[in-house]
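> Pasting work.csv below, which is CSV, C-alpha atoms.
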```csv
chain,number,residue,atom,x,y,z
A,1,MET,CA,-10.4,14.2,67.4
A,2,LYS,CA,-13.8,12.5,67.7
A,3,THR,CA,-14.4,8.8,68.2
A,4,GLN,CA,-17.2,6.3,68.4
A,5,GLN,CA,-17.2,2.6,69.3
A,6,PHE,CA,-19.7,-0.2,68.6
A,7,TYR,CA,-19.6,-3.9,67.9
A,8,TRP,CA,-21.2,-6.9,66.3
A,9,THR,CA,-21.7,-10.4,67.7
A,10,LYS,CA,-23.8,-13.3,66.4
A,11,GLU,CA,-26.0,-13.0,69.5
A,12,SER,CA,-26.6,-9.3,69.5
A,13,ASN,CA,-26.0,-8.2,65.9
A,14,TRP,CA,-24.9,-4.6,65.5
A,15,ASN,CA,-25.3,-1.9,68.3
A,16,LEU,CA,-24.8,1.0,65.9
A,17,PRO,CA,-24.7,4.5,67.4
A,18,GLU,CA,-27.9,6.6,66.9
A,19,SER,CA,-25.9,9.4,65.3
A,20,PRO,CA,-22.9,7.9,63.4
A,21,LEU,CA,-19.8,10.0,63.1
A,22,GLN,CA,-20.5,11.0,59.5
A,23,ASP,CA,-17.1,12.7,58.9
A,24,ALA,CA,-14.9,9.9,60.3
A,25,GLN,CA,-12.0,9.1,58.0
A,26,VAL,CA,-11.2,5.6,59.3
A,27,LEU,CA,-13.0,2.7,60.9
A,28,PHE,CA,-10.7,0.3,62.7
A,29,ILE,CA,-12.5,-3.1,62.6
A,30,PHE,CA,-10.8,-5.8,64.7
A,31,ALA,CA,-12.5,-9.1,64.1
A,32,GLY,CA,-12.3,-12.8,65.2
A,33,ILE,CA,-10.6,-15.0,62.6
A,34,ASP,CA,-13.7,-17.2,62.3
A,35,VAL,CA,-16.1,-14.3,61.4
A,36,ILE,CA,-14.0,-11.8,59.6
A,37,GLU,CA,-14.6,-13.3,56.1
A,38,THR,CA,-18.2,-14.2,56.6
A,39,LYS,CA,-19.1,-10.9,58.1
A,40,LEU,CA,-17.4,-8.4,55.8
A,41,ALA,CA,-19.5,-5.3,56.6
A,42,TYR,CA,-18.3,-2.9,54.0
A,43,ASP,CA,-21.7,-1.9,52.4
A,44,GLU,CA,-23.5,-1.9,55.7
A,45,LEU,CA,-20.9,0.4,57.4
A,46,LYS,CA,-20.4,2.6,54.3
A,47,SER,CA,-24.0,3.7,54.5
A,48,HIS,CA,-23.4,5.0,58.1
A,49,PHE,CA,-19.8,6.3,57.6
A,50,PRO,CA,-19.6,7.4,54.0
A,51,LYS,CA,-16.2,9.1,54.2
A,52,ALA,CA,-14.4,6.4,56.1
A,53,ASP,CA,-11.9,3.8,54.9
A,54,GLN,CA,-12.5,0.5,56.6
A,55,ILE,CA,-9.4,-1.3,58.0
A,56,TYR,CA,-10.0,-5.0,58.9
A,57,MET,CA,-7.7,-7.1,61.1
A,58,SER,CA,-8.2,-10.7,62.3
A,59,THR,CA,-7.3,-11.1,65.9
A,60,SER,CA,-6.8,-13.5,68.8
A,61,GLY,CA,-9.2,-11.3,70.8
A,62,GLU,CA,-10.8,-7.9,70.3
A,63,ILE,CA,-10.2,-5.1,72.8
A,64,MET,CA,-12.9,-2.5,73.5
A,65,GLY,CA,-12.3,-0.5,76.7
A,66,ASN,CA,-11.6,-3.0,79.5
A,67,GLU,CA,-13.4,-5.8,77.7
A,68,ILE,CA,-12.0,-8.6,75.5
A,69,LYS,CA,-14.4,-10.1,73.0
A,70,ASP,CA,-14.0,-13.1,70.8
A,71,ASP,CA,-15.6,-13.9,67.5
A,72,SER,CA,-16.9,-10.3,67.2
A,73,LEU,CA,-16.3,-7.2,65.1
A,74,VAL,CA,-15.2,-4.3,67.3
A,75,VAL,CA,-15.4,-1.0,65.4
A,76,THR,CA,-13.7,2.2,66.4
A,77,ALA,CA,-14.6,5.2,64.2
A,78,VAL,CA,-12.1,8.1,64.3
A,79,GLN,CA,-12.4,11.6,62.9
A,80,PHE,CA,-9.2,13.5,62.9
A,81,GLU,CA,-10.1,17.2,63.0
A,82,LYS,CA,-6.7,18.8,62.4
A,83,THR,CA,-4.5,15.9,61.1
A,84,PRO,CA,-4.1,15.0,57.5
A,85,ILE,CA,-3.9,11.2,57.1
A,86,GLN,CA,-3.1,8.7,54.3
A,87,ILE,CA,-4.1,5.1,54.2
A,88,HIS,CA,-2.7,2.6,51.7
A,89,ALA,CA,-2.9,-1.2,51.3
A,90,PHE,CA,0.1,-3.2,50.1
A,91,GLU,CA,-0.1,-6.8,48.9
A,92,LYS,CA,3.0,-9.0,49.4
A,93,GLU,CA,4.2,-10.1,46.0
A,94,ASN,CA,5.5,-13.6,45.3
A,95,GLN,CA,9.1,-14.1,46.3
A,96,GLU,CA,9.1,-10.6,47.9
A,97,SER,CA,11.1,-10.5,51.1
A,98,GLY,CA,9.8,-8.8,54.2
A,99,PHE,CA,12.6,-6.2,53.9
A,100,GLU,CA,11.7,-5.5,50.2
A,101,LEU,CA,8.0,-5.2,51.2
A,102,GLY,CA,9.0,-2.7,53.9
A,103,VAL,CA,11.0,-0.6,51.5
A,104,ARG,CA,8.1,-0.6,49.0
A,105,ILE,CA,5.6,0.5,51.7
A,106,ALA,CA,7.9,3.3,52.9
A,107,GLN,CA,8.4,4.5,49.3
A,108,GLY,CA,4.6,4.5,48.8
A,109,MET,CA,3.9,6.8,51.8
A,110,HIS,CA,4.2,10.6,51.4
A,111,ALA,CA,7.1,11.6,53.7
A,112,ALA,CA,6.3,15.4,54.0
A,113,ASP,CA,5.4,16.2,57.6
A,114,LEU,CA,5.0,12.5,58.5
A,115,LYS,CA,4.8,12.4,62.3
A,116,HIS,CA,3.6,8.8,63.0
A,117,LEU,CA,3.3,5.6,61.0
A,118,PHE,CA,0.9,2.8,61.9
A,119,ILE,CA,1.5,-0.7,60.4
A,120,PHE,CA,-1.1,-3.4,60.5
A,121,SER,CA,0.2,-6.5,58.8
A,122,GLU,CA,-0.9,-10.1,58.2
A,123,GLY,CA,0.7,-12.1,60.9
A,124,HIS,CA,1.7,-15.5,59.5
A,125,ASP,CA,3.9,-15.4,56.4
A,126,THR,CA,5.7,-12.0,56.6
A,127,ASN,CA,8.9,-11.8,58.6
A,128,GLY,CA,8.0,-8.9,60.9
A,129,ASP,CA,11.6,-8.1,61.8
A,130,HIS,CA,12.5,-7.7,58.1
A,131,LEU,CA,9.4,-5.7,57.4
A,132,ILE,CA,10.3,-3.1,60.1
A,133,GLU,CA,13.9,-3.1,58.9
A,134,GLY,CA,12.8,-2.2,55.4
A,135,LEU,CA,10.5,0.5,56.7
A,136,ARG,CA,13.3,2.0,58.9
A,137,SER,CA,15.7,2.1,55.9
A,138,LYS,CA,13.5,4.7,54.2
A,139,ILE,CA,11.5,6.4,57.0
A,140,ASP,CA,13.1,9.1,59.0
A,141,SER,CA,14.3,7.6,62.3
A,142,LYS,CA,12.4,10.4,64.2
A,143,VAL,CA,9.1,9.0,63.0
A,144,PRO,CA,7.8,6.3,65.3
A,145,ILE,CA,6.3,3.1,63.8
A,146,THR,CA,3.7,1.3,65.9
A,147,GLY,CA,1.0,-1.3,65.2
A,148,GLY,CA,0.9,-5.1,65.1
A,149,LEU,CA,0.5,-8.4,63.2
A,150,ALA,CA,-2.9,-9.9,62.8
A,151,GLY,CA,-3.9,-12.9,64.9
A,152,ASP,CA,-5.8,-16.1,64.4
A,153,ALA,CA,-6.9,-17.2,67.9
A,154,GLY,CA,-3.4,-18.7,68.6
A,155,ARG,CA,-3.5,-21.2,65.7
A,156,PHE,CA,-0.6,-19.6,63.8
A,157,ASN,CA,-2.1,-20.8,60.5
A,158,ARG,CA,-3.7,-18.0,58.5
A,159,THR,CA,-4.4,-14.3,59.3
A,160,ILE,CA,-6.5,-11.8,57.4
A,161,VAL,CA,-6.1,-8.0,56.8
A,162,GLY,CA,-8.3,-5.9,54.7
A,163,LEU,CA,-9.0,-2.4,53.3
A,164,ASN,CA,-12.6,-1.6,52.5
A,165,ASN,CA,-14.2,-4.5,50.5
A,166,THR,CA,-10.9,-6.4,49.9
A,167,LEU,CA,-9.6,-9.0,52.4
A,168,SER,CA,-6.3,-10.8,52.0
A,169,ASP,CA,-3.9,-13.1,53.8
A,170,ARG,CA,-1.0,-11.2,52.2
A,171,MET,CA,-1.8,-7.6,53.0
A,172,VAL,CA,-0.2,-4.8,55.0
A,173,ILE,CA,-2.0,-1.6,55.8
A,174,ALA,CA,0.0,1.6,56.4
A,175,ILE,CA,-1.5,4.7,58.0
A,176,GLY,CA,0.4,8.0,58.0
A,177,LEU,CA,-0.4,10.8,60.4
A,178,HIS,CA,0.9,14.2,59.3
A,179,GLY,CA,1.2,17.8,60.6
A,180,ASP,CA,1.9,19.6,63.8
A,181,ALA,CA,-1.4,19.0,65.5
A,182,ILE,CA,-1.0,15.3,66.2
A,183,ARG,CA,0.7,14.2,69.4
A,184,THR,CA,1.6,10.5,69.9
A,185,SER,CA,3.5,8.5,72.5
A,186,PHE,CA,4.1,4.9,73.0
A,187,GLY,CA,5.3,2.2,75.4
A,188,SER,CA,6.1,-1.5,75.4
A,189,LYS,CA,6.8,-3.9,78.3
A,190,ASP,CA,6.5,-7.6,78.9
A,191,GLY,CA,6.8,-8.5,82.6
A,192,TRP,CA,8.0,-12.1,82.2
A,193,ASP,CA,10.6,-13.6,84.5
A,194,VAL,CA,13.9,-14.8,83.1
A,195,PHE,CA,15.5,-18.0,84.4
A,196,GLY,CA,18.6,-20.1,83.7
A,197,PRO,CA,21.9,-18.9,82.3
A,198,ILE,CA,22.4,-16.5,79.5
A,199,ARG,CA,23.4,-18.4,76.4
A,200,THR,CA,24.7,-17.4,72.9
A,201,ILE,CA,22.9,-18.3,69.7
A,202,THR,CA,25.6,-20.3,67.8
A,203,GLN,CA,23.4,-21.7,64.9
A,204,SER,CA,20.3,-20.2,63.4
A,205,SER,CA,18.7,-19.2,60.1
A,206,GLU,CA,16.4,-16.2,60.1
A,207,ASN,CA,13.7,-17.2,62.6
A,208,THR,CA,14.8,-20.8,63.0
A,209,LEU,CA,16.9,-21.7,66.0
A,210,MET,CA,19.2,-24.7,66.0
A,211,GLU,CA,21.9,-24.3,68.7
A,212,LEU,CA,22.5,-22.4,71.9
A,213,ASP,CA,26.1,-22.6,73.1
A,214,HIS,CA,26.8,-25.3,70.5
A,215,THR,CA,24.1,-27.4,72.1
A,216,ASN,CA,20.8,-28.4,70.3
A,217,ALA,CA,18.4,-25.7,71.4
A,218,LEU,CA,15.2,-27.9,71.3
A,219,GLU,CA,16.7,-30.6,73.6
A,220,LEU,CA,18.0,-27.9,75.9
A,221,TYR,CA,14.5,-26.2,75.9
A,222,LYS,CA,12.8,-29.5,76.7
A,223,LYS,CA,15.2,-30.1,79.6
A,224,TYR,CA,14.2,-26.8,81.2
A,225,LEU,CA,10.5,-27.5,80.6
A,226,GLY,CA,10.6,-30.9,82.3
A,227,ASP,CA,7.2,-32.5,82.3
A,228,ARG,CA,5.7,-29.6,80.4
A,229,ALA,CA,7.8,-30.6,77.4
A,230,GLN,CA,5.1,-33.2,76.6
A,231,GLU,CA,2.7,-30.3,76.0
A,232,LEU,CA,4.8,-28.8,73.1
A,233,PRO,CA,4.3,-26.9,70.9
A,234,GLY,CA,1.4,-25.4,72.9
A,235,ALA,CA,3.4,-25.0,76.1
A,236,ALA,CA,6.0,-22.9,74.2
A,237,LEU,CA,3.7,-19.9,74.4
A,238,LEU,CA,4.2,-20.0,78.2
A,239,PHE,CA,8.0,-20.1,77.9
A,240,PRO,CA,9.3,-17.5,75.4
A,241,LEU,CA,12.9,-16.5,74.9
A,242,HIS,CA,14.5,-13.2,75.9
A,243,ILE,CA,16.8,-12.1,73.1
A,244,THR,CA,19.6,-9.4,73.3
A,245,PHE,CA,20.8,-8.5,69.8
A,246,PRO,CA,24.4,-7.7,69.1
A,247,ASP,CA,23.6,-4.0,69.0
A,248,GLY,CA,22.1,-4.2,72.5
A,249,THR,CA,18.4,-4.2,71.5
A,250,LYS,CA,16.3,-6.4,73.8
A,251,VAL,CA,13.1,-8.2,72.7
A,252,VAL,CA,11.0,-11.2,73.6
A,253,ARG,CA,10.5,-13.9,71.1
A,254,THR,CA,7.5,-16.3,70.9
A,255,ILE,CA,8.1,-19.9,69.7
A,256,LEU,CA,5.6,-20.6,67.0
A,257,SER,CA,6.4,-24.2,66.2
A,258,ILE,CA,9.0,-26.9,66.7
A,259,ASN,CA,10.3,-29.5,64.2
A,260,GLU,CA,11.0,-32.7,66.0
A,261,GLU,CA,12.6,-34.3,62.9
A,262,GLU,CA,15.1,-31.5,62.3
A,263,LYS,CA,15.3,-30.7,66.1
A,264,THR,CA,14.7,-27.0,65.4
A,265,MET,CA,12.5,-24.2,66.9
A,266,ASN,CA,10.7,-21.6,64.8
A,267,PHE,CA,10.1,-18.1,66.3
A,268,ALA,CA,7.8,-15.2,65.5
A,269,GLY,CA,10.9,-13.0,64.7
A,270,THR,CA,14.5,-13.2,63.8
A,271,VAL,CA,16.9,-15.0,66.2
A,272,PRO,CA,20.4,-14.1,64.8
A,273,VAL,CA,23.7,-15.9,65.4
A,274,GLY,CA,25.7,-14.0,68.1
A,275,ALA,CA,22.6,-12.8,70.0
A,276,LYS,CA,22.2,-13.7,73.7
A,277,ALA,CA,19.2,-15.8,74.8
A,278,GLN,CA,17.6,-16.6,78.1
A,279,PHE,CA,14.5,-18.6,78.9
A,280,MET,CA,11.5,-16.9,80.4
A,281,MET,CA,8.4,-17.9,82.3
A,282,ALA,CA,5.1,-16.3,83.2
A,283,ASN,CA,4.5,-14.5,86.5
A,284,PHE,CA,0.9,-13.3,86.4
A,285,ASP,CA,1.4,-10.2,88.7
A,286,ARG,CA,4.5,-9.1,86.8
A,287,VAL,CA,2.8,-9.5,83.4
A,288,ILE,CA,-0.1,-7.3,84.6
A,289,GLN,CA,2.4,-4.8,86.1
A,290,GLY,CA,4.2,-4.9,82.7
A,291,ALA,CA,1.1,-3.5,81.1
A,292,ALA,CA,0.9,-0.7,83.6
A,293,ASN,CA,4.6,0.1,83.0
A,294,ALA,CA,4.0,0.2,79.3
A,295,ALA,CA,1.1,2.7,79.9
A,296,GLN,CA,3.4,4.8,82.1
A,297,GLN,CA,5.9,4.9,79.2
A,298,ALA,CA,3.1,6.0,76.8
A,299,LYS,CA,1.7,8.7,79.1
A,300,MET,CA,1.8,12.2,77.6
A,301,ASP,CA,1.7,15.6,79.2
A,302,ILE,CA,-1.8,16.0,77.8
A,303,ASP,CA,-4.7,13.5,78.1
A,304,ALA,CA,-4.8,10.8,75.4
A,305,GLN,CA,-7.9,11.1,73.3
A,306,LEU,CA,-7.3,7.7,71.7
A,307,THR,CA,-5.3,4.7,73.0
A,308,LEU,CA,-4.3,1.7,70.9
A,309,MET,CA,-3.4,-1.5,72.8
A,310,VAL,CA,-1.8,-4.4,71.0
A,311,SER,CA,-1.0,-7.3,73.3
A,312,CYS,CA,0.4,-10.8,72.4
A,313,VAL,CA,-1.8,-13.8,72.2
A,314,GLY,CA,0.7,-15.6,74.5
A,315,ARG,CA,-0.3,-13.2,77.3
A,316,LYS,CA,-4.0,-14.0,76.8
A,317,LEU,CA,-3.3,-17.7,76.8
A,318,VAL,CA,-1.2,-17.5,80.0
A,319,MET,CA,-3.5,-15.2,82.0
A,320,LYS,CA,-6.8,-16.7,80.8
A,321,ASN,CA,-9.6,-15.3,83.0
A,322,ARG,CA,-7.3,-12.7,84.4
A,323,THR,CA,-6.4,-11.2,81.0
A,324,GLU,CA,-8.7,-8.2,81.4
A,325,GLU,CA,-6.7,-7.1,84.4
A,326,GLU,CA,-3.9,-5.9,82.1
A,327,LEU,CA,-6.4,-3.7,80.3
A,328,GLU,CA,-7.6,-2.3,83.6
A,329,ALA,CA,-4.0,-1.6,84.6
A,330,VAL,CA,-3.5,0.4,81.4
A,331,MET,CA,-6.7,2.4,81.9
A,332,ASP,CA,-6.0,3.0,85.6
A,333,THR,CA,-2.6,4.5,84.5
A,334,LEU,CA,-3.8,6.6,81.5
A,335,GLY,CA,-7.2,7.7,82.6
A,336,ASN,CA,-10.1,8.9,80.4
A,337,SER,CA,-9.6,7.9,76.7
A,338,THR,CA,-11.1,5.8,74.0
A,339,TYR,CA,-9.4,2.4,74.2
A,340,PHE,CA,-9.3,-0.1,71.4
A,341,GLY,CA,-7.0,-2.9,70.2
A,342,PHE,CA,-6.4,-6.6,69.7
A,343,TYR,CA,-4.4,-9.6,70.7
A,344,SER,CA,-1.8,-10.2,68.0
A,345,ASN,CA,0.9,-12.5,66.6
A,346,GLY,CA,3.4,-9.7,67.1
A,347,GLU,CA,3.6,-6.1,68.4
A,348,ILE,CA,5.3,-3.2,66.7
A,349,CYS,CA,6.7,-0.4,68.8
A,350,PRO,CA,10.0,1.5,69.4
A,351,THR,CA,12.4,0.3,72.0
A,352,PRO,CA,13.5,2.7,74.8
A,353,GLU,CA,16.4,3.6,72.6
A,354,GLY,CA,13.9,4.8,69.9
A,355,HIS,CA,14.3,2.0,67.3
A,356,SER,CA,11.0,0.7,66.1
A,357,THR,CA,11.0,-3.1,66.1
A,358,LEU,CA,8.9,-6.2,66.4
A,359,HIS,CA,8.1,-7.5,69.9
A,360,ASN,CA,6.4,-10.7,71.2
A,361,GLN,CA,4.8,-11.4,74.5
A,362,THR,CA,4.5,-7.7,75.2
A,363,MET,CA,1.7,-5.1,75.8
A,364,THR,CA,2.4,-2.2,73.4
A,365,ILE,CA,0.5,1.1,73.7
A,366,THR,CA,0.1,4.1,71.4
A,367,THR,CA,-1.6,7.2,72.7
A,368,LEU,CA,-2.9,9.9,70.4
A,369,SER,CA,-4.2,13.5,70.8
A,370,GLU,CA,-4.7,16.5,68.7
A,371,VAL,CA,-3.8,20.0,70.0
```
Once more with this new file: its structure as structure tokens, please.

Amino acid sequence: MKTQQFYWTKESNWNLPESPLQDAQVLFIFAGIDVIETKLAYDELKSHFPKADQIYMSTSGEIMGNEIKDDSLVVTAVQFEKTPIQIHAFEKENQESGFELGVRIAQGMHAADLKHLFIFSEGHDTNGDHLIEGLRSKIDSKVPITGGLAGDAGRFNRTIVGLNNTLSDRMVIAIGLHGDAIRTSFGSKDGWDVFGPIRTITQSSENTLMELDHTNALELYKKYLGDRAQELPGAALLFPLHITFPDGTKVVRTILSINEEEKTMNFAGTVPVGAKAQFMMANFDRVIQGAANAAQQAKMDIDAQLTLMVSCVGRKLVMKNRTEEELEAVMDTLGNSTYFGFYSNGEICPTPEGHSTLHNQTMTITTLSEV
């Protein structure tokens, strides 16, 4: 596997490599939401990387090594030397559910020798939980699914995904890695502190929460936030919810918005009736340690040649000028590798039990090497 990295900013323009990786099959282009549509670089990059498909994702921050950039285009060129890959774009159809879209994507990917599936999805309208459920219904459970949902600088309004010269706010990109030469591993941890009693979700609909223990959830949430309740909905990113599904799966859920008129809370993923819920709050040191723990989970018995980091926008908003410390914690744990990634509206990674699912407020890591 060979890699190259470079970037574009308004101030510095491109810092293209002197000898571009001519045989690269894919360019991962993570871009700020305010520049991704105005700086579509398909023709410019095609002249330097003629064989590469260009994958675009809008972000809430672009990761390159231990640096976080904003309003830039961070490009990671990858040449797989022993691994067949397939890349397909899927546009969400009108009235198509997330589950149906997941099924259609899975059916469109060649299953023979599939060893790993990357999913890069728009991050506003698609129910990420249902998307992953649809994929899992057709993909062998032994095949890990990792990736993330596009970001938009924490606005939760509109995200962009693209393949080559087509950008869309309804697109999902699927990348299949095949054969015996590829080795992948993954890890996902949050590091937030839980507080208050464990409650049961007694009324909800998809990703909308109405009641906890037969009590209005929004009023209960405001009670725990105290004076910070005046800062809603922005403050909600600092106080996510820890969810334990009826099957025992544990995830963190970010609150995207609140509806004062209907007294409801809308989350980035499904919050089903019968699940257990507990409030969470940020602890800077534990959040950074969570990133190190995720890296430890993702560590392989061989050195990672390429490492994808997808972290939640909520972590970036909480840690502010300390955010790069979580990247450094990952790099200190994994050592020499090419690091790339973005801050997202949702992270996709298997749980410790091996079930690929949607996460919020986590650092998720995928390591790759060819042998």
> Identify which of the residues A:Val287, A:Leu131, A:Leu45, A:Ile175 lies closest to A:Met109, counting only C-alpha atoms when measuring atom-to-atom distances.
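Among the listed residues, the smallest separation from A:Met109 belongs to A:Ile175.
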> Mind checking which residues fall within 7 Å of A:Pro144, counting all atoms listed in the file, ignoring those fewer than 2 positions away in the same chain, and posting them as a CSV table (one decimal) with C-alpha atoms, in the coordinates of the input?

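Output below, filename result.csv:
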```csv
chain,number,residue,atom,x,y,z
A,116,HIS,CA,3.6,8.8,63.0
A,117,LEU,CA,3.3,5.6,61.0
A,142,LYS,CA,12.4,10.4,64.2
A,146,THR,CA,3.7,1.3,65.9
A,350,PRO,CA,10.0,1.5,69.4
A,356,SER,CA,11.0,0.7,66.1
```
> Excluding A:His359 and any residue of its chain fewer than 6 positions from it, enumerate the residues within 7 Å of it, using all atoms listed in the file, and give them as a list in words.
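Listing them by chain and then by number gives Val251, Val252, Arg253, Gly346, Glu347 and Ile348 of chain A.
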> Which polymer residues have any atom within 12 Å of an atom of A:Glu260, counting all atoms listed in the file, with same-chain residues fewer than 4 positions away left out, as number ranges by chain?
A: 210, 216-219, 222, 232-233, 264-266
> The selected residues should be written to file as a short mmCIF file (atom, residue, chain, number, x, y, z; two decimals), keeping the file's coordinate frame (atoms: C-alpha atoms).

```cif
data_model
loop_
_atom_site.label_atom_id
_atom_site.label_comp_id
_atom_site.auth_asym_id
_atom_site.auth_seq_id
_atom_site.Cartn_x
_atom_site.Cartn_y
_atom_site.Cartn_z
CA MET A 210 19.20 -24.70 66.00
CA ASN A 216 20.80 -28.40 70.30
CA ALA A 217 18.40 -25.70 71.40
CA LEU A 218 15.20 -27.90 71.30
CA GLU A 219 16.70 -30.60 73.60
CA LYS A 222 12.80 -29.50 76.70
CA LEU A 232 4.80 -28.80 73.10
CA PRO A 233 4.30 -26.90 70.90
CA THR A 264 14.70 -27.00 65.40
CA MET A 265 12.50 -24.20 66.90
CA ASN A 266 10.70 -21.60 64.80
#
```
> What is the atom CA of A:Thr357-atom CA of A:Ile160 distance in Å, reported with one decimal?
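Taking atom CA of A:Thr357 and atom CA of A:Ile160, their separation equals 21.4 Å.
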> In Å, rounded to a single decimal, give me how far atom CA of A:Gln54 is from atom CA of A:Pro20.
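One can read the atom CA of A:Pro20 to atom CA of A:Gln54 distance as 14.5 Å.
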> May I have the protein, DNA and RNA residues with any atom at most 12 Å from the point (14.0, 0.7, 69.1), counting all atoms listed in the file, written as a PyMOL selection string?
chain A and resi 129+132-133+136+141-146+186-188+245+247-251+348-359
> For each of A:Pro246, A:Gly341, A:Gly191, A:Pro240, take the minimum atom-to-atom distance to A:Gln289, counting all atoms listed in the file, then give the residue where this is smallest.
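For A:Gln289, the nearest of the given residues is A:Gly191.
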> To one decimal place, how far is atom CA of A:Thr38 from atom CA of A:Trp8 in Å?
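Those two atoms sit 12.5 Å apart.
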> Nearest to A:Thr83 among A:Ser369, A:Thr364, A:Gln107, A:Gln296, with distances taken over all atoms listed in the file: which residue is it?
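Smallest separation from A:Thr83 among the options: A:Ser369.
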> Given the choices A:Gly226, A:Ser97, A:Leu368, A:Val194, which gets closest to A:Thr3 if the distance is worked out from all atoms listed in the file?
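Counting all atoms listed in the file, the residue closest to A:Thr3 is A:Leu368.
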